[in-house]
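Peer 1: Dumping the structure here so I can ask a few things about it.
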Amino acid sequence: MDPKNIWITFPELLIWFPLVAGLVTFFIRKEKMVKQWAVLASLITLLISAASLIYADNGKYFYYNNVSYYWLRYLGSNFTVGLDGMGHMLTALTAISFPVIFIATYKNNYKNAHVFYGLMLLTQSGLMGVFTAMDLLVFYFFWELAVIPVYFLCSRWGGEKRIQATFKFFVYTFTGSLLMLVGIIYIYMHTVPTAAAEHSFSMNAVYGVMLSPEEKSWIFWLFFIAFAIKMPVFPFHTWQPDTYEQAPTSTTMVLSGIMVKMGVFAVIRWILPVFPDAVSKFDNIVIGLSVIGMIYASLIAIKQDDLKRFVAYSSIAHIGLMCAAIFTKSEMGLQGVMIQMFSHGINIIGMWIVADLIEKQTGTRKISELGGIAHKAPVLTIFLVIIALANIALPLTNAFVGEFMMFSGLFQFNFWYTAVAGLSIILAAVYTLNMIQKVFYGEANSITGTMQEISLSQKLILAVLVVLIFLFGVYPQPLFDLTKDTVLNIITRLK
Amino acid sequence: MNAIILTAIWGVMMMLGGAFIKSKTTPKYLAIFGLAAIIIANCMQMNSGMAFFSVDVKNMLHFNSFNLTFINVAFGCTLLLFLLNGRDIEKVGENVSEYFALIFFILCGIAIISTFNSLLMLFIGIEIVSIPLYILTGSDKRNLKSNEAALKYFLMGAFSTGIMLLGIAFLYGGSATGSFYIDNIISGNAPMPAMIAAGLVLLLISMSFKVSAVPFHFWTPDVYDGAPTVFTSFMATIVKAAAFFAFVRLFENTFGSMHAQWQTLIVILIAATLLIGNLTAVFQQSVKRMLAYSSIAQAGFMLFSLFAMNNLAKEGLVLYAAAYSLASIGLFAVLIKMKDYTIDGFNGLGKQQPLLAVTATVFLLSLTGIPLTAGFQSKFYMLMAAVQTGQHIWLVIFAVLCAAISAYYYFRIIQAMFFKECKEDVILADDITPAFKILLVLTAFFIIVLGIFPGMLTDWLYF
Amino acid sequence: MEIKWYIGLAVALFCTGIVGVLTRRNSIIIFICIELMLNAVNLLLVAFSKMHAASALMQSNPDVVSDAQIFVFFIMVVAAAEVSVGLAIIVMLYRNTHSVDVNFLNRLKN
Amino acid sequence: MSNVFQLVWLIPILPLLGFLINGLGRKQVSKTMAGIIGSGTVFLSFLLSVAVFFSVKAGNTHVAHYFDFINITALKIGFDFQIDPLSSIFLLIITGVGFLIHVYSTAYMHDEAPKDFAKYFAFLNLFVFSMLLLVMGANFVIMFIGWEGVGLCSYLLIGFWFKNTNYNIAAKKAFIMNRIGDLGFLLAVFWLISKLGTADYHTVFAGVSKLTVTDITGITLLLFVGAMGKSAQIPLYTWLPDAMAGPTPVSALIHAATMVTAGIYMIARSNILYTMAPITQGVVAIVGLSTAILAATIALKQNDIKKVLAYSTVSQLGYMFLALGVGAYTGAVFHVMTHAFFKALLFLGAGSVIHAMSGEQDIRNMGGLKKYMSVTHITFLLACLAIAGMPPFSGFFSKDEILAAAYARSPLLWGVGVAGAIMTAFYMFRLYAMTFHGKFRGTPEQEHHLHESPKAITIPLIILAILSVVGGLIGIPEIFMEGGHRLEAFLAPIFKESNKILVDHPIDHTTEYMLMGISVGAALIALVFAWSKFSKYQKADKEETGLGKILANKWYVDELYDAIIVKPLLALAKYFNNIFEKKGIDGFVNGVGKAVNYGSRQIRLLQTGQVGTYVLMMVLGILLFFIIQLFL
Amino acid sequence: MALFSAIMVVASKSPVHSILYLIVVFFAISGHYIMLNAQFLAIVNIIVYAGAIMVLFLFVVMLMNLNAESEPKKHRMLQFAGLISGGCLFLVIIAAVSESAQASNLVQLGGGNSGLIKNLGMVLFKDYVLPFEISSVLFLSAMIGAVVIGKKERS
C-alpha cells in the first residue's frame, strides 16, 4: 500500500469534515434546514468512522490511518494524526454520539440554531482531533479548541446561572491546560535532537524523552492536574455539576459523554508512556483520590434532587473508577477502562436523553416533584430502567464487563482499595433505585399527569442505544480486539 | 535607511501639505499612500539590499533583516491603524495633517531606535518618539483629561530622560576608552565595574519606564486613559513594541555577555509586571483603562525575551509585537465606535453588530492566548524561550497562572457582547462602513493565519 | 583634581533636582528641576570626556576623542526642544484650569 | 444420549424467548396466549432438563463452550455451560417447580390487566432464564451474571404493583441487600482471578492446592457473604420477609423454591474450597444455625400468613447452611429439594387461601376454612407435616440427615437444631390450625364468597403435595435400607474430593435411632400442643407483652439497622452535599476568584493620580534596584 | 557654589527666584566647563540656557504672574519622604560609584585642545553629521507640536 496513492486518510476526514460542515452551518438561515443538515453531516461522519473501522488493522492499512505533514518544522512539530485502536474506538464513540444527540434533541428549538449546530459540529471536529493527534503540540491545540465552542454553547443557550457556571468551567480547564503547556514545553526542550529540528513534539520523541526522576515527578503533576480537571477526579470536580446543570442538554451530552473521555484518554496516551516511574511513584495518591471520589460522589448523588446534578455526580463516581483502574497499570484494568470509556459514553448519553425528555414534558427536573411516570409513559420507563441499570453495571449490560475488569485490575493492585471502591457498587444501586422509584413509580401527580408517551423517533434512538448496551454487554470481544494492541504497547512501555 | 529618511521627508510633506490643503480627508489618503510606499521601499532594502540613499552612517545605525522586519511590522500596523481609524484621527482636532506629520516623525524615531548602534542615536531616537507623543496625548485640547495626561506624560517622560542620560554618562565614564558605540562599551563577561553597573541599572530603569514595566508603569494607565483613543491605540501598540525592540537590542548588544549578572532584576520586573498588570486589570470598569492595564500585563510577557535572550526569544518578540499590536489595534478600533467605554457599554453588541462582535472576540481570544490565534503562538514562543534557559521555571508557571487571570477580564467583554441584553437600542457612536468591516475581518483572519503558521513571520528573520 | 569630586558634584546636583521634583508641586518648578538634572549630566559627561582625553594623552596619541562634548551639545539641543513643547503644554493646561499645580491633576486615577 | 447435550443451550434460551415475546408484544398477546407462552417455554425446558438428567444419570457430564465472553491475554472467560449431577438436579427443581408455578399463576393473576399479565409472565420467564444461567454456568462469572439477574427479577417482581410505594421500598431493600452480598461474591471472584488467573470451576477446583490458607479462607468467607445476601442469612435476611409484598406465586418460586437456594448451590458447587477452609465452615454452621433459631422464634408470633412462611423459609435455609457448615453437602442439596417441594406447596396453598379470602392475609381473621376448600386444606396439612419433619414425609429424611451430620460434628449443634425443629413444628401447626380449624373469624362478605380455587391452582397443589410426600424416598438413610440414599450416590462425583478430606466419624445405629426418636417425638409434642392451643383460637386483641412483643416486632432488627447504618449514611451524604461540597471544595475554588477580585480592588488604589506619588514610587524603585544590583 | 544655588532653586518659594538661582547654577557650571577646557560648551551653555531657555521660562512665569502666588505646601509627609529618598539615592549612587575611583582617572587642568570650536566643528560635521540631521527632525516635530498645542482653536 503506497502512501502516495492515498489522497486523504481517515483521521483527516474525521477532523476536516465536521469542521467544514460546521462552518457551512453558520451560513444556513432556515432553522429546519439547519437541523436536517446537522443530522446529515453527523451521519456522514458516522459513515466515515465506520469505514475507518473496516480498515482498523494498522499493520495492513497503516497508511489509511496515519499521516503527517510539515507544520512548524523548525520547531519540530508536524501535523501528525493517526488512528490506533483506542483512537478508532473513541472516534467511533464520537461519531455515534453526535447523530444520536441531534436526533434525540431534534424537537428542541434554539435561538439562531445555525450558530448552535455550527458550534456543535466544530466541537466534534475538535474532539476528533484530540483523539487522533499523534503530536503533542497538535494534541494541545485540539485540546483547547474542543473547549472553546462548548464555552459559547453553554453560556449562550444554558440555564439562568449559565454565565458564571460556564466561566468557572472555562477558567478552571484553561488554567489546567496552561499548566500542561508548561509541562509540554519542558518536555520538548529535553527531547533528543532530530534531523529536522533540534527538538521535537512528535509522539516517539516525547515517549523517548530523557528526564531525571525529580523532573518527571513534577511535570507529571502539571499534566495530571490538567487531565484530572477535565475528567474530573475528586477534588477538581466542582465545576462539573454546575456546568452540567446549566448547559443545554445536548451540550451536556457532549460534555459528559465524550469530553470527559478526553481526560481519561489523555492520561492513557500522554501520561502512562511518558512518565512510567512517576506513575508508579504516585499511583497510591491518585488511586486513593479516585476511590475517595467514588464514595464521595455516590453519597452526594443520593441526596441530589435535580436530575441533571444526579447524573453528573453518578458520572463523577464512574470516572473515579476509570482513573483508579488506569493507575493500576494492569492489562486487565486498562482493557476495562477502554471498554468502559465506550460504554459510559453510551449509557450517560442515554440517561441525558431520558432526563431531557422528562424535562421537556413536565418542565421540571426536580426528582421530588416527579412521580408515577411509569404508567403514563411505560416505554420511556422501560428504556430508562434498562439504561439506569446498565449505568450501575448490571451483568449482560455493557458497563458490567468494564467495571468487572477494572475492579479486578484494582484488586490485583490492592485489596482494600477494591473493598472500599466496591461500596460504590452498593451506593450506586441505592441512588439509582431511589431515583427510579421517585420519578417513575408511585402515583402520578399534577405535574406528571399530563405526561405523554414518547415519539417514534425518540423510541428509535433509545432503542439504538439499548441495542448497543446489550450487544457489548453480551459480546464485548470486538472492543477488546480493537484496543488490545494499544493496551499491550502501553503495558510494555510501563514495564 | 530608506525608512528613516523617507518617513522624515514624508512628515515634512504632510506638514507643508497641511498648510495648503483645506479638505480634512485628503491628508488621510496622502498618509496612507506615503506609508504604503515607504513599506515597499523598506521591503526592497530588506530583500535586495537596495538603498535609495547612500549615507555614511559612521556605524551609528546598523541594519539587518531582523530589525528591518521589525520596522515592517511596526509600519504595517500603523498602516492598518490609518486604514481603520483615519476618520477618527480627523475627528480629534482640526490640524489633521499635523497629526499625521507627527506620527510620521514618530515612525522615523521608531526606525532609528530599532536600528541604533550608538547610545547617541538611541537617545535622539527616543526623544523623537516621545516629544510628538506628548503633543498627540494633549491634542484634544478642550478635554481636561487629555491635558492632564499630556502634562503627566511629559513630566515623567522628561524625568526618565534625565535618568537615562545619567546612565549613559556613567557608561561612557566606565567604558575603557570612552565610547558611545553599544558594542564596544564592554567586552567579555568579567564582573563589571561599578560605574558600568550603575549605568546599566539606570538605563534598565529608564527603558522599563518606556515599556511601562512595574514599578515604573504608573504613567501608563492615566496617559492611555486620557489620550484620544486613536492615539492611545497607537501608543499602546506600535510605540510600545518599538520601545521593547530597542530595549532588547540595547541590552543584548551592550550587556549580553554578562547576562547572568543582571538577570535577577529582570526576573523581579517580570514577576511584578505580570502580577500588578493582571490583578489591576481585573477590576476595571472602563474598557479603555482595562486595556491600558492589560498592555502592562502583556509587557510582562514580552519581558521574557529580555530574560531569555536567545533566538526563540527574539523571534518571539517580533511575533509578539505583531500579534499584540494587531489584536489591540483591532480592539481599539471597535472600542472607538462605541458610545460608552465601560464594559456594560458592550452589552448586546453580538446582536446588533454580529460581525464586529465576532472579530472583537477573535482579538480578545488572541490577547488571552487561545490556540489558533497569533496571541497563543507568541506566548508559546516566549514560554519556550524562557524554558530553554532552564532556570526560574517557577516564573514560567507564575506567568501562565497570570495568563489564566487575564482570561478573566478579557472574557468579561465577550460575555457582555454575547450573553447580556443591551439597554438602549443603539450602542454604537457612529455608523460602520463596509470597508471598516472588511478590514476588521481581514485583521482577524490574519491573526488566525499567524496563529496557525507563525513561520510566515518568523522565517523572514533569517535571510 | 580627581574625577570623583566631579562625580560627587554632578550626582549631588542630580539628586537635588530629583528632590525638587519630589517636593515641589508647581509644574514649572518641577520642570526647572528636571533641567537641573540634565545639566548635572552635562557636567558629568564633560568631566568624563576630559578624563578619557587625559588618559588618551598619557598613552600619547594626539587626536583626542571628544564625543562626550558633542553628546552634551545634543543634550542641550534636545533640552531646548523639550522646553518648547513642555512650556506649551503647561500653558495650555493653564488656559483651561488657571493653575499649574500638579496636585489638581487627579481626574485620572485608580 | 449425548446429543441431548447439543441442546442444553435451549434450556435457558426458551424462557428468554418467552420473556422477549411477552415483554415486547405485551400489548398484543392475549392473557391466554401469554400464559401459554410463559408456561409452555418453561415446560419445554423442563422436558429438556429431564432428558439431560437421565443422560447425566447415565454418568456422563458435559462442558459446552459457546463464545468468548472476555478474552485478553491476562484473562479468558468463556460463555460456558456445565452439566453435571448437581446442576441437573437444580435444573429439574427450577424448571419443574417453575412450570407448576407458572401454571398456578395463570389462574392467580387472572384479575390483572392484559398487559400487566403479560409483563408478569415476562418477568417470571426472565427469572427462570437467569436462574438457569446461574446453575448452568461453567465459571463464576457466568454464575454471577445469573446471580445478579435473579436479584434483578426479584426486584422487578416484588415491585410488580409499583403504584404502592411500600412495595417499591421492599423491592429496593431486597435489591440493595442482595447487592451487598454480590459485592462479597465479586471480591471473591477477583481474588480467585488474581491468584489463579481464571474463574472456571474445574481449573479453580483443580488448582485449589496452589492457594494458601488465608486465600481460601478469605475467598470462601467472601463467597459466603454473597450467599448471605442471596439466601437471607444473618445479618442480611431482613429483606426476605418484606419481599412477601410480591404476588404470592412469586414468593413461592423465588423466595422459597429457587432463588434463595442459590447460595446453597454456590457453596455446594465450590464445596472443595469450603472443605479446605475449616474456619469458614465453622462460621457457616454457626450463622446458619443461629439464623434458623432466630427466624423460628420470630415466626412464632407472626400473624400474616405469608410472613410466617417467609420466616420459616429463612429458618429452613439456616438448616441448609448448617448442613453445609458441617460438611453434609448432600444433605443440604437434599433439603433444598424437599424444601422446594413443601415450601412451594405451602406458599401456593397460602396463595389459594388468600385468593379465596380476596386478599386477606391475617390469620386472625381466618379459621375453619377446611370445610370450604378441602383440596387446599389437605395439601397444606401434608406440607405442614413434611416441614415439621414427620416421617415418612420428605422433610423428615432431609432434616434428619442434617441433624445427624450436625451431631457428628458436635452434639451442641444438634441440640439447638432440634430446638429449631420443635419451634418449626409449633408455628407451622399454629398457622395451620388458625387457618383451617376453629370457626371463621372474617367479615360476612368474605365468608360468603369463600370457595375452592380453580383447577389451575389445585392441580399444582396436588402434584406438589405428592412430591413432598414421597420426595424424601430418594434419600433413605443407610440404616433403613442399604443403598437407599440414591441422591448421595448420584451426587457422589461432585463431592468426592471433599469427602476424601472430611473425616467422618460415623455414629452407631443405636444413637442414630435415638436421635431420630428424640427429634421426631419432640416435634410431635409441639405439634399437638400447637394444634390443641390454636384450633379453638378466639380473636382477642390483647397487647403482646415482654418477649412476645419483641418477637412480634422481629427483635427490632430493622429498627437497629436503620439506626446504625441507614441514618448515619444519609446524614453523611447530607453533610457532604450541603456543607463540604458547597462550603469546602467549591468554596475554595470560588475563594480563589474572590481573592483575585479583592487584590485587584486594593492594588488599584496604588494608582493615586498624583504625579508626586508616581515619581516617588519610581525613585524608590531606583533605590531598590541599585541596592539589589550593587550591594547584593 | 553651584550646589548651594542649586539647593536654593529647590528651596525658594517664588518661581522667579528659583529661575534666577538656576541661572546662577548655569554660570557656575560653565565655569567648570572652562576649567575642563570645553570652552565652546561653556559659551553655548551661557547663551542657550541662561540666555534663551531661562528667559523663556521667565516669560511664561510672568505671563501667568505666578510669583505672587505662594504655593500651599503639599503634605509634609510626602515632602519628607521625597527628601529622604533623594538623599538615600545620592548616598547610594556615590557609594556605588566611588569604589571605582582608580588612580589614573584624575583630570588635569589645562592641556588638550579638544574643546575648541574648530575641532568640535570638524568632529560634528564629519562623524556626527547623521545625528545632526536627525535632530532637525526633532526640532521640526517640537515646532509643530508647539504650534498645534499653542494656537487657539477657532470656533
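We label chains A, B, ... in the order they appear in the C-alpha cells, count residues from 1 in each chain, and number ligands from 1 in the order shown.
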If you take only C-alpha atoms and a cut-off of 8 Å, which residues of chain C touch chain B, and what are their nearest atom pairs and distances in Å to one decimal, in chain and number order, as JSON lines?
Peer 2:
```
{"residue": "C:Ile30", "atom": "CA", "partner": "B:Leu155", "partner_atom": "CA", "distance": 7.9}
{"residue": "C:Phe31", "atom": "CA", "partner": "B:Leu155", "partner_atom": "CA", "distance": 6.9}
{"residue": "C:Ile34", "atom": "CA", "partner": "B:Phe159", "partner_atom": "CA", "distance": 6.2}
{"residue": "C:Met37", "atom": "CA", "partner": "B:Gly162", "partner_atom": "CA", "distance": 6.1}
{"residue": "C:Leu38", "atom": "CA", "partner": "B:Gly162", "partner_atom": "CA", "distance": 5.6}
{"residue": "C:Val41", "atom": "CA", "partner": "B:Leu166", "partner_atom": "CA", "distance": 5.5}
{"residue": "C:Leu44", "atom": "CA", "partner": "B:Ala169", "partner_atom": "CA", "distance": 6.8}
{"residue": "C:Leu45", "atom": "CA", "partner": "B:Ala169", "partner_atom": "CA", "distance": 5.5}
{"residue": "C:Phe48", "atom": "CA", "partner": "B:Gly173", "partner_atom": "CA", "distance": 5.3}
{"residue": "C:Ser49", "atom": "CA", "partner": "B:Gly178", "partner_atom": "CA", "distance": 7.3}
{"residue": "C:His52", "atom": "CA", "partner": "B:Gly178", "partner_atom": "CA", "distance": 6.1}
{"residue": "C:Ala56", "atom": "CA", "partner": "B:Thr177", "partner_atom": "CA", "distance": 7.9}
{"residue": "C:Asp67", "atom": "CA", "partner": "B:Ser179", "partner_atom": "CA", "distance": 7.3}
{"residue": "C:Phe71", "atom": "CA", "partner": "B:Leu120", "partner_atom": "CA", "distance": 6.9}
{"residue": "C:Val78", "atom": "CA", "partner": "B:Glu127", "partner_atom": "CA", "distance": 7.4}
{"residue": "C:Glu82", "atom": "CA", "partner": "B:Ile131", "partner_atom": "CA", "distance": 7.0}
{"residue": "C:Val85", "atom": "CA", "partner": "B:Ile131", "partner_atom": "CA", "distance": 7.4}
{"residue": "C:Gly86", "atom": "CA", "partner": "B:Phe154", "partner_atom": "CA", "distance": 6.8}
{"residue": "C:Ile89", "atom": "CA", "partner": "B:Leu151", "partner_atom": "CA", "distance": 6.5}
{"residue": "C:Ile90", "atom": "CA", "partner": "B:Leu151", "partner_atom": "CA", "distance": 6.9}
{"residue": "C:Met92", "atom": "CA", "partner": "B:Asn147", "partner_atom": "CA", "distance": 7.5}
{"residue": "C:Leu93", "atom": "CA", "partner": "B:Asn147", "partner_atom": "CA", "distance": 5.9}
{"residue": "C:Asn96", "atom": "CA", "partner": "B:Leu144", "partner_atom": "CA", "distance": 7.3}
{"residue": "C:Leu105", "atom": "CA", "partner": "B:Glu148", "partner_atom": "CA", "distance": 6.0}
{"residue": "C:Arg107", "atom": "CA", "partner": "B:Lys145", "partner_atom": "CA", "distance": 6.6}
{"residue": "C:Leu108", "atom": "CA", "partner": "B:Asp222", "partner_atom": "CA", "distance": 5.5}
{"residue": "C:Lys109", "atom": "CA", "partner": "B:Asp222", "partner_atom": "CA", "distance": 6.5}
```
Peer 1: Restricted to N, CA and C atoms, what would the selected residues look like written as a CSV table (one decimal), in the first residue's frame?
Peer 2:
```
chain,number,residue,atom,x,y,z
C,30,ILE,N,9.0,72.1,38.9
C,30,ILE,CA,9.3,70.7,38.7
C,30,ILE,C,10.1,70.6,37.4
C,31,PHE,N,9.6,71.3,36.4
C,31,PHE,CA,10.3,71.3,35.1
C,31,PHE,C,11.7,71.8,35.2
C,34,ILE,N,14.0,69.4,36.5
C,34,ILE,CA,14.4,68.4,35.5
C,34,ILE,C,15.6,69.0,34.7
C,37,MET,N,18.6,68.6,36.5
C,37,MET,CA,19.2,67.2,36.3
C,37,MET,C,20.0,67.1,35.1
C,38,LEU,N,19.4,67.6,34.0
C,38,LEU,CA,20.1,67.5,32.7
C,38,LEU,C,21.4,68.1,32.8
C,41,VAL,N,24.0,66.1,34.4
C,41,VAL,CA,24.5,65.1,33.5
C,41,VAL,C,25.5,65.7,32.6
C,44,LEU,N,28.8,66.0,34.2
C,44,LEU,CA,29.4,64.7,34.4
C,44,LEU,C,30.1,64.3,33.0
C,45,LEU,N,29.3,64.4,32.0
C,45,LEU,CA,29.8,64.0,30.7
C,45,LEU,C,31.1,64.7,30.3
C,48,PHE,N,33.9,63.5,32.2
C,48,PHE,CA,34.4,62.2,31.8
C,48,PHE,C,35.2,62.3,30.5
C,49,SER,N,34.7,63.1,29.6
C,49,SER,CA,35.4,63.3,28.3
C,49,SER,C,36.8,63.8,28.6
C,52,HIS,N,38.9,60.9,29.9
C,52,HIS,CA,39.3,60.0,28.8
C,52,HIS,C,40.4,60.7,28.0
C,56,ALA,N,44.0,59.3,27.3
C,56,ALA,CA,44.5,59.1,26.0
C,56,ALA,C,45.8,59.8,25.8
C,67,ASP,N,33.8,62.9,21.9
C,67,ASP,CA,32.4,62.5,21.7
C,67,ASP,C,31.5,63.1,22.7
C,71,PHE,N,28.0,65.0,22.5
C,71,PHE,CA,26.8,64.5,23.1
C,71,PHE,C,26.2,65.6,24.0
C,78,VAL,N,18.3,68.8,22.5
C,78,VAL,CA,17.0,68.2,22.9
C,78,VAL,C,16.3,68.9,24.0
C,82,GLU,N,12.6,70.1,24.2
C,82,GLU,CA,11.6,69.7,25.3
C,82,GLU,C,11.0,70.9,25.9
C,85,VAL,N,8.2,72.4,23.9
C,85,VAL,CA,6.9,71.6,24.0
C,85,VAL,C,6.3,71.7,25.4
C,86,GLY,N,7.2,71.5,26.4
C,86,GLY,CA,6.7,71.4,27.7
C,86,GLY,C,6.0,72.6,28.1
C,89,ILE,N,2.7,72.9,26.7
C,89,ILE,CA,1.7,72.0,27.3
C,89,ILE,C,1.2,72.7,28.6
C,90,ILE,N,2.2,73.2,29.4
C,90,ILE,CA,1.8,73.9,30.6
C,90,ILE,C,0.9,75.0,30.4
C,92,MET,N,-1.1,75.5,27.9
C,92,MET,CA,-2.4,75.0,27.5
C,92,MET,C,-3.2,74.6,28.8
C,93,LEU,N,-2.5,73.9,29.6
C,93,LEU,CA,-3.2,73.5,30.9
C,93,LEU,C,-3.7,74.7,31.6
C,96,ASN,N,-6.8,76.2,30.6
C,96,ASN,CA,-8.0,75.5,30.9
C,96,ASN,C,-8.3,75.6,32.4
C,105,LEU,N,-4.1,67.6,39.4
C,105,LEU,CA,-4.2,66.7,38.3
C,105,LEU,C,-4.6,65.3,38.8
C,107,ARG,N,-7.8,63.8,37.9
C,107,ARG,CA,-9.1,63.3,37.3
C,107,ARG,C,-8.9,61.8,36.9
C,108,LEU,N,-7.6,61.5,36.6
C,108,LEU,CA,-7.4,60.1,36.1
C,108,LEU,C,-6.7,59.4,37.3
C,109,LYS,N,-7.4,58.4,37.8
C,109,LYS,CA,-6.7,57.6,38.8
C,109,LYS,C,-7.4,56.2,38.9
```
Peer 1: Hey, what does DSSP flag as helix (DSSP H, G or I) within range 409-587 of chain D? Can you give it to me as a VMD selection string?
Peer 2: chain D and resid 409 411 to 436 444 to 448 455 to 474 486 to 501 509 to 534 546 to 552 554 to 587
Peer 1: Kindly determine which residues of chain D lie within 12 Å of chain C, considering only C-alpha atoms, and give the answer as a PyMOL selection string.
Peer 2: chain D and resi 600-620+622
Peer 1: Tell me, in Å to one decimal, how far CA of Glu447 in chain D is from CA of Asn365 in chain D.
Peer 2: 10.5 Å
Peer 1: Near range 385-399 of chain A, within 7 Å and counting only C-alpha atoms, which residues show up once chain neighbours fewer than 3 positions away are dropped, as number ranges by chain?
Peer 2: A: 340, 343-344, 347, 350-351, 381-382, 402-403, 428-429, 432, 469-470, 472-474; D: 145, 148
Peer 1: Go through chain B residue by residue and, counting only C-alpha atoms, keep those with an atom at most 8 Å from chain D; for each kept residue give the shortest atom pair and its distance in Å to one decimal, ordered by chain and increasing number, as JSON lines.
Peer 2:
```
{"residue": "B:Lys152", "atom": "CA", "partner": "D:Val611", "partner_atom": "CA", "distance": 6.6}
{"residue": "B:Met156", "atom": "CA", "partner": "D:Val615", "partner_atom": "CA", "distance": 7.3}
{"residue": "B:Ala194", "atom": "CA", "partner": "D:Leu630", "partner_atom": "CA", "distance": 7.4}
{"residue": "B:Ala197", "atom": "CA", "partner": "D:Leu630", "partner_atom": "CA", "distance": 7.3}
{"residue": "B:Ala198", "atom": "CA", "partner": "D:Phe626", "partner_atom": "CA", "distance": 7.3}
{"residue": "B:Val201", "atom": "CA", "partner": "D:Phe626", "partner_atom": "CA", "distance": 6.7}
{"residue": "B:Leu202", "atom": "CA", "partner": "D:Ile622", "partner_atom": "CA", "distance": 7.6}
{"residue": "B:Ile205", "atom": "CA", "partner": "D:Ile622", "partner_atom": "CA", "distance": 7.0}
{"residue": "B:Pro215", "atom": "CA", "partner": "D:Gly621", "partner_atom": "CA", "distance": 6.3}
{"residue": "B:Phe216", "atom": "CA", "partner": "D:Met618", "partner_atom": "CA", "distance": 5.6}
{"residue": "B:Phe218", "atom": "CA", "partner": "D:Tyr614", "partner_atom": "CA", "distance": 5.9}
{"residue": "B:Trp219", "atom": "CA", "partner": "D:Tyr614", "partner_atom": "CA", "distance": 7.5}
{"residue": "B:Asp222", "atom": "CA", "partner": "D:Gly609", "partner_atom": "CA", "distance": 7.4}
{"residue": "B:Trp262", "atom": "CA", "partner": "D:Gln629", "partner_atom": "CA", "distance": 7.1}
{"residue": "B:Leu265", "atom": "CA", "partner": "D:Phe625", "partner_atom": "CA", "distance": 7.0}
{"residue": "B:Ile276", "atom": "CA", "partner": "D:Ile603", "partner_atom": "CA", "distance": 7.4}
{"residue": "B:Leu279", "atom": "CA", "partner": "D:Ser600", "partner_atom": "CA", "distance": 4.8}
{"residue": "B:Thr280", "atom": "CA", "partner": "D:Ser600", "partner_atom": "CA", "distance": 4.7}
{"residue": "B:Ala281", "atom": "CA", "partner": "D:Ser600", "partner_atom": "CA", "distance": 7.3}
{"residue": "B:Val282", "atom": "CA", "partner": "D:Ser600", "partner_atom": "CA", "distance": 6.2}
{"residue": "B:Phe283", "atom": "CA", "partner": "D:Ser600", "partner_atom": "CA", "distance": 5.8}
```
Peer 1: Given a cut-off of 9 Å, which residues of chain E touch chain B, counting only C-alpha atoms, written out as a ChimeraX atom specification?
Peer 2: /E:93,96-100,127-131,134-135,137-142,144-146,148-149,153
